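Source file data.txt; content: compact mmCIF, C-alpha atoms (C1' of nucleotides).
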```txt
# COMPACT_ATOMS: atom_id res chain seq x y z
CA MET E 30 203.23 205.90 226.14
CA ALA E 31 200.01 207.54 225.03
CA THR E 32 202.12 209.17 222.34
CA ASN E 33 201.50 209.01 218.63
CA GLN E 34 202.92 206.52 216.20
CA LEU E 35 204.56 209.02 213.90
CA TYR E 36 208.01 208.60 215.39
CA LYS E 37 208.11 205.01 214.20
CA GLY E 38 210.91 204.68 211.69
CA SER E 39 212.80 207.81 212.67
CA LEU E 40 214.88 206.45 215.54
CA SER E 41 217.94 205.46 213.51
CA THR E 42 217.89 208.80 211.70
CA ILE E 43 217.79 210.69 214.98
CA ILE E 44 220.56 208.68 216.60
CA LEU E 45 222.90 208.89 213.63
CA LYS E 46 222.25 212.56 213.03
CA LEU E 47 222.78 213.42 216.68
CA LEU E 48 226.05 211.51 216.82
CA GLY E 49 227.10 213.15 213.58
CA GLU E 50 226.54 216.57 215.08
CA LYS E 51 227.52 216.16 218.70
CA GLY E 52 230.34 213.64 218.43
CA ARG E 53 230.43 210.84 221.02
CA MET E 54 227.42 210.20 223.17
CA TYR E 55 226.27 207.37 225.40
CA GLY E 56 222.84 205.80 225.30
CA TYR E 57 221.24 207.38 228.29
CA GLN E 58 222.56 210.76 227.21
CA ILE E 59 220.86 210.36 223.84
CA THR E 60 217.50 209.74 225.48
CA GLN E 61 217.88 212.84 227.66
CA GLU E 62 219.00 215.01 224.77
CA VAL E 63 216.11 213.94 222.55
CA LYS E 64 213.61 214.42 225.35
CA ALA E 65 214.94 217.91 225.99
CA ILE E 66 215.04 219.00 222.35
CA SER E 67 211.51 217.74 221.75
CA SER E 68 210.17 219.40 224.91
CA GLY E 69 209.37 216.00 226.34
CA GLU E 70 207.27 215.02 223.36
CA TYR E 71 209.53 212.24 222.17
CA VAL E 72 210.76 209.86 224.82
CA ILE E 73 212.96 207.08 223.49
CA THR E 74 212.30 203.90 225.43
CA GLU E 75 215.23 201.80 226.52
CA GLY E 76 213.73 198.78 224.82
CA ALA E 77 213.98 200.64 221.53
CA LEU E 78 217.27 202.45 222.11
CA TYR E 79 219.69 199.72 223.11
CA PRO E 80 218.75 197.19 220.45
CA MET E 81 218.99 199.97 217.85
CA LEU E 82 222.45 201.03 219.03
CA HIS E 83 223.59 197.42 218.82
CA LYS E 84 222.12 197.09 215.36
CA LEU E 85 223.78 200.26 214.07
CA GLU E 86 227.07 199.08 215.53
CA ALA E 87 226.65 195.67 213.91
CA GLN E 88 226.02 197.44 210.60
CA GLY E 89 229.29 199.31 210.97
CA LEU E 90 227.60 202.69 211.23
CA LEU E 91 228.68 203.27 214.82
CA THR E 92 231.65 202.32 216.95
CA VAL E 93 231.63 201.96 220.70
CA GLU E 94 234.05 202.64 223.53
CA ILE E 95 233.34 201.58 227.08
CA GLU E 96 234.32 203.97 229.82
CA MET E 97 233.94 203.89 233.57
CA THR E 98 232.77 206.95 235.48
CA GLY E 99 233.59 205.82 239.00
CA ASN E 100 231.92 202.42 239.18
CA ARG E 101 229.38 203.25 236.53
CA MET E 102 229.70 201.99 232.99
CA ARG E 103 229.07 204.14 229.97
CA LYS E 104 229.18 203.03 226.38
CA TYR E 105 230.15 205.94 224.18
CA TYR E 106 229.09 205.69 220.57
CA SER E 107 230.64 207.50 217.61
CA ILE E 108 229.62 207.61 213.99
CA THR E 109 231.79 205.92 211.35
CA LYS E 110 232.52 206.93 207.80
CA ASN E 111 229.80 204.60 206.56
CA GLY E 112 227.52 206.03 209.21
CA LYS E 113 228.02 209.49 207.74
CA LYS E 114 227.10 208.23 204.31
CA GLU E 115 224.02 206.56 205.72
CA VAL E 116 222.90 209.61 207.67
CA ALA E 117 223.05 211.64 204.47
CA ASN E 118 220.66 209.18 202.82
CA LEU E 119 218.38 209.13 205.83
CA MET E 120 218.26 212.91 205.92
CA THR E 121 217.27 213.00 202.26
CA GLU E 122 214.48 210.53 202.99
CA MET E 123 213.33 212.55 205.98
CA GLU E 124 213.26 215.78 203.99
CA SER E 125 211.31 214.08 201.26
CA TYR E 126 208.89 212.64 203.81
CA ILE E 127 208.27 216.02 205.41
CA ARG E 128 207.84 217.68 202.03
CA ASN E 129 205.31 215.07 200.96
CA MET E 130 203.42 215.32 204.23
CA GLN E 131 203.18 219.06 203.84
CA SER E 132 201.82 218.62 200.33
CA LEU E 133 199.32 216.05 201.47
CA LEU E 134 198.20 217.80 204.62
CA ASN E 135 198.44 221.49 203.77
CA PRO E 136 196.58 221.83 200.51
CA LYS E 137 195.96 225.48 201.25
CA ILE E 138 199.47 226.60 200.40
CA ASP E 139 199.56 230.21 199.34
CA LEU E 140 200.78 230.27 195.80
CA ALA E 141 199.74 233.89 195.50
CA MET B 27 208.72 198.71 198.11
CA ALA B 28 212.28 199.81 198.63
CA THR B 29 210.82 202.83 200.38
CA ASN B 30 211.64 204.10 203.81
CA GLN B 31 209.84 203.39 207.06
CA LEU B 32 208.99 206.98 207.86
CA TYR B 33 205.45 206.76 206.51
CA LYS B 34 204.54 204.21 209.16
CA GLY B 35 201.93 205.74 211.40
CA SER B 36 200.79 208.46 209.00
CA LEU B 37 198.27 206.50 206.95
CA SER B 38 195.19 207.27 209.04
CA THR B 39 196.11 210.96 209.17
CA ILE B 40 196.45 211.11 205.40
CA ILE B 41 193.20 209.29 204.70
CA LEU B 42 191.15 211.34 207.15
CA LYS B 43 192.66 214.64 206.06
CA LEU B 44 192.12 213.87 202.39
CA LEU B 45 188.50 212.92 202.97
CA GLY B 46 188.05 216.03 205.08
CA GLU B 47 189.31 218.18 202.22
CA LYS B 48 188.02 216.44 199.13
CA GLY B 49 184.73 215.03 200.37
CA ARG B 50 183.85 211.48 199.31
CA MET B 51 186.50 209.27 197.81
CA TYR B 52 186.83 205.57 197.13
CA GLY B 53 189.80 203.47 198.13
CA TYR B 54 191.56 203.13 194.82
CA GLN B 55 191.09 206.82 194.20
CA ILE B 56 192.85 207.59 197.48
CA THR B 57 195.88 205.54 196.46
CA GLN B 58 196.09 207.34 193.11
CA GLU B 59 195.67 210.76 194.67
CA VAL B 60 198.37 210.14 197.26
CA LYS B 61 200.76 208.72 194.70
CA ALA B 62 200.22 211.76 192.49
CA ILE B 63 200.60 214.34 195.25
CA SER B 64 203.78 212.70 196.52
CA SER B 65 205.26 212.43 193.02
CA GLY B 66 205.17 208.65 193.30
CA GLU B 67 207.18 208.64 196.51
CA TYR B 68 204.40 207.32 198.70
CA VAL B 69 202.50 204.36 197.33
CA ILE B 70 199.79 203.07 199.64
CA THR B 71 199.57 199.31 199.33
CA GLU B 72 196.16 197.70 199.18
CA GLY B 73 197.06 195.49 202.13
CA ALA B 74 197.45 198.63 204.20
CA LEU B 75 194.64 200.70 202.73
CA TYR B 76 191.60 198.46 202.95
CA PRO B 77 192.08 197.24 206.52
CA MET B 78 192.66 200.86 207.57
CA LEU B 79 189.46 202.04 205.87
CA HIS B 80 187.54 199.28 207.63
CA LYS B 81 189.12 200.21 210.94
CA LEU B 82 188.30 203.90 210.59
CA GLU B 83 184.76 203.00 209.65
CA ALA B 84 184.47 200.67 212.66
CA GLN B 85 185.69 203.54 214.84
CA GLY B 86 182.91 205.73 213.50
CA LEU B 87 185.32 208.14 211.84
CA LEU B 88 184.20 207.30 208.31
CA THR B 89 180.95 206.22 206.68
CA VAL B 90 180.66 204.23 203.51
CA GLU B 91 178.28 204.13 200.54
CA ILE B 92 178.51 201.47 197.90
CA GLU B 93 177.94 202.55 194.33
CA MET B 94 178.04 200.71 191.06
CA THR B 95 179.75 202.21 188.03
CA GLY B 96 178.47 199.86 185.36
CA ASN B 97 179.32 196.45 186.79
CA ARG B 98 182.15 197.75 188.91
CA MET B 99 181.77 198.34 192.62
CA ARG B 100 183.08 201.38 194.36
CA LYS B 101 182.93 202.07 198.08
CA TYR B 102 182.80 205.78 198.68
CA TYR B 103 183.98 206.93 202.07
CA SER B 104 183.07 210.16 203.83
CA ILE B 105 184.32 211.64 207.07
CA THR B 106 181.99 211.84 210.08
CA LYS B 107 181.72 214.49 212.76
CA ASN B 108 183.90 212.39 215.04
CA GLY B 109 186.29 211.92 212.15
CA LYS B 110 186.67 215.68 211.87
CA LYS B 111 187.51 215.91 215.55
CA GLU B 112 190.03 213.12 215.18
CA VAL B 113 191.69 214.61 212.13
CA ALA B 114 192.21 217.83 214.07
CA ASN B 115 194.04 215.90 216.78
CA LEU B 116 196.07 213.98 214.24
CA MET B 117 197.05 217.17 212.47
CA THR B 118 198.26 218.66 215.74
CA GLU B 119 200.34 215.55 216.34
CA MET B 120 201.75 215.68 212.83
CA GLU B 121 202.68 219.33 213.16
CA SER B 122 204.33 218.64 216.46
CA TYR B 123 206.20 215.69 214.98
CA ILE B 124 207.50 217.74 212.06
CA ARG B 125 208.50 220.59 214.37
CA ASN B 126 210.39 218.20 216.63
CA MET B 127 212.11 216.51 213.72
CA GLN B 128 213.25 219.85 212.39
CA SER B 129 214.65 220.73 215.81
CA LEU B 130 216.40 217.40 216.09
CA LEU B 131 217.73 217.24 212.57
CA ASN B 132 218.43 220.84 211.66
CA PRO B 133 220.46 222.20 214.53
CA LYS B 134 221.85 224.87 212.26
CA ILE B 135 218.74 227.01 212.30
CA ASP B 136 219.53 230.61 211.57
CA LEU B 137 218.63 232.57 214.67
CA ALA B 138 220.45 235.57 213.31
C1' DT M 1 194.09 187.69 173.48
C1' DC M 2 197.14 188.64 176.77
C1' DT M 3 198.59 192.25 179.81
C1' DA M 4 197.81 196.09 182.57
C1' DA M 5 194.72 198.92 185.03
C1' DT M 6 190.73 199.30 187.99
C1' DG M 7 188.53 197.89 192.34
C1' DC M 8 187.64 195.24 196.11
C1' DA M 9 189.48 191.88 199.91
C1' DT M 10 192.20 188.96 203.36
C1' DA M 11 196.07 186.20 205.45
C1' DA M 12 200.87 185.42 206.63
C1' DG M 13 205.01 187.41 207.74
C1' DC M 14 208.21 191.19 208.96
C1' DT M 15 210.08 194.83 211.75
C1' DA M 16 210.25 198.67 214.69
C1' DT M 17 208.53 199.50 218.46
C1' DT M 18 206.20 199.20 223.51
C1' DT M 19 205.81 196.96 227.70
C1' DA M 20 207.73 194.42 231.19
C1' DT M 21 211.58 192.85 233.52
C1' DG M 22 216.20 192.52 235.34
C1' DT M 23 220.72 194.17 237.35
C1' DA M 24 223.52 197.61 239.53
C1' DT M 25 225.24 202.27 241.15
C1' DG M 26 224.52 207.08 242.68
C1' DT M 27 221.68 210.76 244.69
C1' DT M 28 218.08 213.00 247.13
C1' DT M 29 214.65 213.42 250.72
C1' DG M 30 211.60 212.66 254.60
C1' DC H 2 219.22 206.18 257.10
C1' DA H 3 215.80 204.02 254.30
C1' DA H 4 213.08 204.58 250.56
C1' DA H 5 212.47 206.65 246.28
C1' DC H 6 214.27 208.30 242.24
C1' DA H 7 217.82 209.00 238.70
C1' DT H 8 221.50 207.00 236.13
C1' DA H 9 223.08 203.22 233.03
C1' DC H 10 223.14 199.13 230.91
C1' DA H 11 220.35 194.90 228.92
C1' DT H 12 216.87 191.48 226.95
C1' DA H 13 212.40 189.03 225.97
C1' DA H 14 207.52 188.91 224.92
C1' DA H 15 203.88 191.20 222.98
C1' DT H 16 201.92 194.61 219.87
C1' DA H 17 201.13 197.57 215.80
C1' DG H 18 201.48 198.91 211.28
C1' DC H 19 202.74 197.81 207.83
C1' DT H 20 204.58 194.60 203.23
C1' DT H 21 204.12 190.71 200.54
C1' DA H 22 201.39 187.43 198.54
C1' DT H 23 197.25 185.92 196.98
C1' DG H 24 192.49 185.93 195.39
C1' DC H 25 188.39 187.46 192.63
C1' DA H 26 186.13 190.28 189.12
C1' DT H 27 185.65 194.02 185.48
C1' DT H 28 187.53 197.09 181.89
C1' DA H 29 190.91 199.07 178.75
C1' DG H 30 194.76 198.75 175.73
C1' DA H 31 198.53 196.60 172.80
```

Step by step, read the file and then write its structure as C-alpha cells.
Amino acid sequence: MATNQLYKGSLSTIILKLLGEKGRMYGYQITQEVKAISSGEYVITEGALYPMLHKLEAQGLLTVEIEMTGNRMRKYYSITKNGKKEVANLMTEMESYIRNMQSLLNPKIDLA
Amino acid sequence: MATNQLYKGSLSTIILKLLGEKGRMYGYQITQEVKAISSGEYVITEGALYPMLHKLEAQGLLTVEIEMTGNRMRKYYSITKNGKKEVANLMTEMESYIRNMQSLLNPKIDLA
DNA sequence: TCTAATGCATAAGCTATTTATGTATGTTTG
DNA sequence: CAAACATACATAAATAGCTTATGCATTAGA
C-alpha cells in the first residue's frame, strides 16, 4: 500500500452505507465493489475488513448469515435498524468533513 | 474530543496548504484559523500539531523562524519549494479521496 | 487573584489500520 | 496437470496518527 492515509476512519461508513444501499453482501464482495467504484484507488485490506465486520456485528449494526456456494463459505451481512440510524449519523459526519475540507483547501471559491 | 475519525490523515495537507496560501503562520495561529474556518468542527490538538510541524520541518517541507512578541515566543513557519511540490501531491490525493467518497456514498447521482 | 487565553513542548495510551500469515476451495494457463 | 492466481474466510504483530494528559511560561480578563 503506497496509498494515502486519508481513507483512515471511513471504512465503517463505507461498509454500512454500501450494505444500506445494496442489501446483503459478503466480505470479499465488498472489497471488490469498493475497488471497482474507486477505480482501484481504495483497496480494503482483509486485515481491516474482517475485524471491522465483526465489530459492526458485535455492535448490533449488522447481522450475518452463513451460506455455502458449493463447498465455499460466504458470510452475508445485512444492515440492522440500528445500523441504519448509525449510517445516517456517519453520513452527516462525512458531509461535514468534506464541506470543511473544501473550505480549508479551496479558498478560491467563486463568490461572484 | 467527541469528534469523528475522518480527519485522521488530513493534518499535514491542511497545514501545508494553509501555509502555501497564507504565507508564514505560527502554530497556535494555525489552530485558531482551522477552528474558525471549520466553524469549530475541527479542533487541532496541540499534541497533534507540534509534532507534525517538527516532522514537516525535518522533512524539509517547512522552515521556521523564531520571533519574540514582547516576552512571548512565536515560531513562524513557511513552506519551502519541496513543500509546495508536496502540497500539490497531497491536494491531488485529497481531491481523489473526496471524489471516491462521493461515488461510494452518493450512488443517487443525477445523470439525467 | 484566580481563571482563561496565548504559546510552546513531550510522553503515554488508544485505535484504525497495514503487513504478514494461515487455511481452504475454485479456476486458469503453460 | 501443476503451478499460479482468484475466491473466501481469519487472526496477530507492528505501525501510524492521532488523543489525552501533563508541563512550563506569559498575558488578559473577571

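Note that CA of Ala84 in chain B and C1' of DA22 in chain H are 25.7 Å apart.
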
Please determine the contact residues of chain H with respect to chain B at a cut-off of 12 Å, counting all atoms listed in the file, and supply them as a PDB file with C-alpha atoms (C1' of nucleotides), in the frame of the given file.
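Below you can see iface-v1.pdb, which holds the result:
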```
ATOM      1  C1'  DA H  17     201.130 197.570 215.800  1.00  0.00           C
ATOM      2  C1'  DG H  18     201.480 198.910 211.280  1.00  0.00           C
ATOM      3  C1'  DC H  19     202.740 197.810 207.830  1.00  0.00           C
ATOM      4  C1'  DT H  20     204.580 194.600 203.230  1.00  0.00           C
ATOM      5  C1'  DT H  21     204.120 190.710 200.540  1.00  0.00           C
ATOM      6  C1'  DA H  22     201.390 187.430 198.540  1.00  0.00           C
ATOM      7  C1'  DT H  23     197.250 185.920 196.980  1.00  0.00           C
ATOM      8  C1'  DA H  26     186.130 190.280 189.120  1.00  0.00           C
ATOM      9  C1'  DT H  27     185.650 194.020 185.480  1.00  0.00           C
ATOM     10  C1'  DT H  28     187.530 197.090 181.890  1.00  0.00           C
TER      11       DT H  28
END
```

Could you build a table of the residues in chain E lying no more than 12 Å from chain B, giving for each the nearest pair of atoms and their separation in Å rounded to one decimal place, using all atoms listed in the file, ordered by chain and ascending residue number, as a tab-separated table?
```
residue	atom	partner	partner_atom	distance
E:Ala31	CA	B:Glu119	CA	11.8
E:Thr32	CA	B:Glu119	CA	8.9
E:Asn33	CA	B:Glu119	CA	7.0
E:Gln34	CA	B:Gly35	CA	5.0
E:Leu35	CA	B:Gly35	CA	4.9
E:Tyr36	CA	B:Tyr123	CA	7.3
E:Lys37	CA	B:Lys34	CA	6.2
E:Gly38	CA	B:Leu32	CA	4.9
E:Ser39	CA	B:Leu32	CA	6.2
E:Leu40	CA	B:Leu32	CA	9.7
E:Ser41	CA	B:Gln31	CA	10.6
E:Thr42	CA	B:Leu131	CA	8.5
E:Ile43	CA	B:Leu130	CA	6.9
E:Ile44	CA	B:Leu130	CA	9.7
E:Leu45	CA	B:Leu131	CA	9.9
E:Lys46	CA	B:Leu131	CA	6.5
E:Leu47	CA	B:Leu130	CA	7.5
E:Leu48	CA	B:Leu131	CA	11.0
E:Gly49	CA	B:Leu131	CA	10.3
E:Glu50	CA	B:Pro133	CA	8.3
E:Lys51	CA	B:Pro133	CA	10.2
E:Ile59	CA	B:Leu130	CA	11.4
E:Glu62	CA	B:Leu130	CA	9.4
E:Val63	CA	B:Leu130	CA	7.3
E:Lys64	CA	B:Asn126	CA	10.0
E:Ala65	CA	B:Leu130	CA	10.0
E:Ile66	CA	B:Leu130	CA	6.6
E:Ser67	CA	B:Asn126	CA	5.3
E:Ser68	CA	B:Asn126	CA	8.4
E:Gly69	CA	B:Asn126	CA	10.0
E:Glu70	CA	B:Asn126	CA	8.1
E:Tyr71	CA	B:Asn126	CA	8.2
E:Val72	CA	B:Asn126	CA	11.7
E:Val116	CA	B:Leu131	CA	10.4
E:Ala117	CA	B:Leu131	CA	11.2
E:Asn118	CA	B:Asn30	CA	10.4
E:Leu119	CA	B:Asn30	CA	8.6
E:Met120	CA	B:Leu131	CA	8.0
E:Thr121	CA	B:Asn30	CA	10.6
E:Glu122	CA	B:Asn30	CA	7.1
E:Met123	CA	B:Leu32	CA	7.3
E:Glu124	CA	B:Gln128	CA	9.3
E:Ser125	CA	B:Glu67	CA	8.3
E:Tyr126	CA	B:Leu32	CA	7.0
E:Ile127	CA	B:Ile124	CA	6.9
E:Arg128	CA	B:Ser64	CA	8.5
E:Asn129	CA	B:Ser64	CA	5.3
E:Met130	CA	B:Ser64	CA	8.2
E:Gln131	CA	B:Glu121	CA	9.3
E:Ser132	CA	B:Ile63	CA	6.8
E:Leu133	CA	B:Ile63	CA	6.6
E:Leu134	CA	B:Lys43	CA	6.5
E:Asn135	CA	B:Lys43	CA	9.3
E:Pro136	CA	B:Glu47	CA	8.3
E:Lys137	CA	B:Glu47	CA	9.9
```

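The nearest approach to Arg103 in chain E among the residues M:DT10, M:DT25, M:DT3, M:DT15, with all atoms listed in the file taken into account, belongs to M:DT25.
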
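With all atoms listed in the file taken into account, chain M has DA5, DT6, DG7, DC8, DA9, DT10, DA11, DA12, DT15, DA16 and DT17 of chain M at most 12 Å from chain B.
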
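For the pair C1' of DA7 in chain H and C1' of DT28 in chain M, the separation is 9.3 Å.
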
### Task
Give me, please, the distance in Å between CA of Leu91 in chain E and C1' of DA11 in chain H, quoted to one decimal.
18.4 Å

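Between DG30 in chain M and the candidates H:DC25, H:DA31, H:DA4, H:DC10, the tightest atom-to-atom separation, counting all atoms listed in the file, involves H:DA4.
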
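Residue nearest DA9 in chain H within the list M:DC2, M:DT18, M:DG13, M:DT23: M:DT23 [criterion: smallest interatomic distance, all atoms listed in the file].
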
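For the choices E:Lys113, E:Thr98, E:Arg53, E:Tyr105, the atom-to-atom distance to DG26 in chain M is smallest for E:Thr98 when using only C-alpha atoms (C1' of nucleotides).
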
Taking the partial coordinates given, rebuild range 84-118 of chain E to contain N, CA and C atoms; return it as a tab-separated table (two decimals), in the coordinates of the input.
```
chain	number	residue	atom	x	y	z
E	84	LYS	N	222.32	197.36	216.78
E	84	LYS	CA	222.12	197.09	215.36
E	84	LYS	C	222.98	198.01	214.49
E	85	LEU	N	223.00	199.29	214.84
E	85	LEU	CA	223.78	200.26	214.07
E	85	LEU	C	225.27	199.95	214.18
E	86	GLU	N	225.68	199.48	215.35
E	86	GLU	CA	227.07	199.08	215.53
E	86	GLU	C	227.37	197.86	214.67
E	87	ALA	N	226.47	196.89	214.70
E	87	ALA	CA	226.65	195.67	213.91
E	87	ALA	C	226.72	195.98	212.42
E	88	GLN	N	226.02	197.04	212.01
E	88	GLN	CA	226.02	197.44	210.60
E	88	GLN	C	227.25	198.27	210.24
E	89	GLY	N	228.07	198.54	211.23
E	89	GLY	CA	229.29	199.31	210.97
E	89	GLY	C	229.05	200.80	210.84
E	90	LEU	N	227.90	201.27	211.32
E	90	LEU	CA	227.60	202.69	211.23
E	90	LEU	C	228.03	203.45	212.48
E	91	LEU	N	228.22	202.70	213.55
E	91	LEU	CA	228.68	203.27	214.82
E	91	LEU	C	229.83	202.42	215.37
E	92	THR	N	230.67	203.08	216.15
E	92	THR	CA	231.65	202.32	216.95
E	92	THR	C	231.42	202.66	218.41
E	93	VAL	N	231.91	201.79	219.28
E	93	VAL	CA	231.63	201.96	220.70
E	93	VAL	C	232.91	201.89	221.52
E	94	GLU	N	232.95	202.71	222.56
E	94	GLU	CA	234.05	202.64	223.53
E	94	GLU	C	233.46	202.63	224.92
E	95	ILE	N	233.85	201.66	225.71
E	95	ILE	CA	233.34	201.58	227.08
E	95	ILE	C	234.22	202.40	228.00
E	96	GLU	N	233.57	203.19	228.83
E	96	GLU	CA	234.32	203.97	229.82
E	96	GLU	C	233.66	203.83	231.17
E	97	MET	N	234.48	203.95	232.23
E	97	MET	CA	233.94	203.89	233.57
E	97	MET	C	233.97	205.30	234.18
E	98	THR	N	232.85	205.71	234.72
E	98	THR	CA	232.77	206.95	235.48
E	98	THR	C	232.56	206.52	236.93
E	99	GLY	N	233.67	206.45	237.68
E	99	GLY	CA	233.59	205.82	239.00
E	99	GLY	C	233.34	204.34	238.77
E	100	ASN	N	232.28	203.82	239.38
E	100	ASN	CA	231.92	202.42	239.18
E	100	ASN	C	230.88	202.23	238.09
E	101	ARG	N	230.50	203.34	237.46
E	101	ARG	CA	229.38	203.25	236.53
E	101	ARG	C	229.85	203.18	235.07
E	102	MET	N	229.32	202.20	234.38
E	102	MET	CA	229.70	201.99	232.99
E	102	MET	C	228.97	202.95	232.06
E	103	ARG	N	229.69	203.43	231.08
E	103	ARG	CA	229.07	204.14	229.97
E	103	ARG	C	229.62	203.60	228.67
E	104	LYS	N	228.73	203.47	227.70
E	104	LYS	CA	229.18	203.03	226.38
E	104	LYS	C	229.02	204.20	225.42
E	105	TYR	N	230.15	204.78	225.08
E	105	TYR	CA	230.15	205.94	224.18
E	105	TYR	C	230.14	205.49	222.72
E	106	TYR	N	229.21	206.02	221.98
E	106	TYR	CA	229.09	205.69	220.57
E	106	TYR	C	229.56	206.85	219.71
E	107	SER	N	230.21	206.51	218.61
E	107	SER	CA	230.64	207.50	217.61
E	107	SER	C	230.24	207.02	216.23
E	108	ILE	N	230.04	207.96	215.35
E	108	ILE	CA	229.62	207.61	213.99
E	108	ILE	C	230.84	207.27	213.14
E	109	THR	N	230.70	206.30	212.24
E	109	THR	CA	231.79	205.92	211.35
E	109	THR	C	231.64	206.62	210.00
E	110	LYS	N	232.60	206.37	209.14
E	110	LYS	CA	232.52	206.93	207.80
E	110	LYS	C	231.28	206.44	207.06
E	111	ASN	N	231.02	205.14	207.17
E	111	ASN	CA	229.80	204.60	206.56
E	111	ASN	C	228.55	205.17	207.22
E	112	GLY	N	228.64	205.41	208.51
E	112	GLY	CA	227.52	206.03	209.21
E	112	GLY	C	227.20	207.40	208.66
E	113	LYS	N	228.24	208.14	208.31
E	113	LYS	CA	228.02	209.49	207.74
E	113	LYS	C	227.35	209.42	206.38
E	114	LYS	N	227.77	208.41	205.60
E	114	LYS	CA	227.10	208.23	204.31
E	114	LYS	C	225.62	207.91	204.53
E	115	GLU	N	225.39	207.00	205.47
E	115	GLU	CA	224.02	206.56	205.72
E	115	GLU	C	223.15	207.71	206.24
E	116	VAL	N	223.70	208.52	207.11
E	116	VAL	CA	222.90	209.61	207.67
E	116	VAL	C	222.53	210.62	206.58
E	117	ALA	N	223.38	210.75	205.59
E	117	ALA	CA	223.05	211.64	204.47
E	117	ALA	C	221.84	211.10	203.71
E	118	ASN	N	221.83	209.79	203.48
E	118	ASN	CA	220.66	209.18	202.82
E	118	ASN	C	219.41	209.33	203.65
```
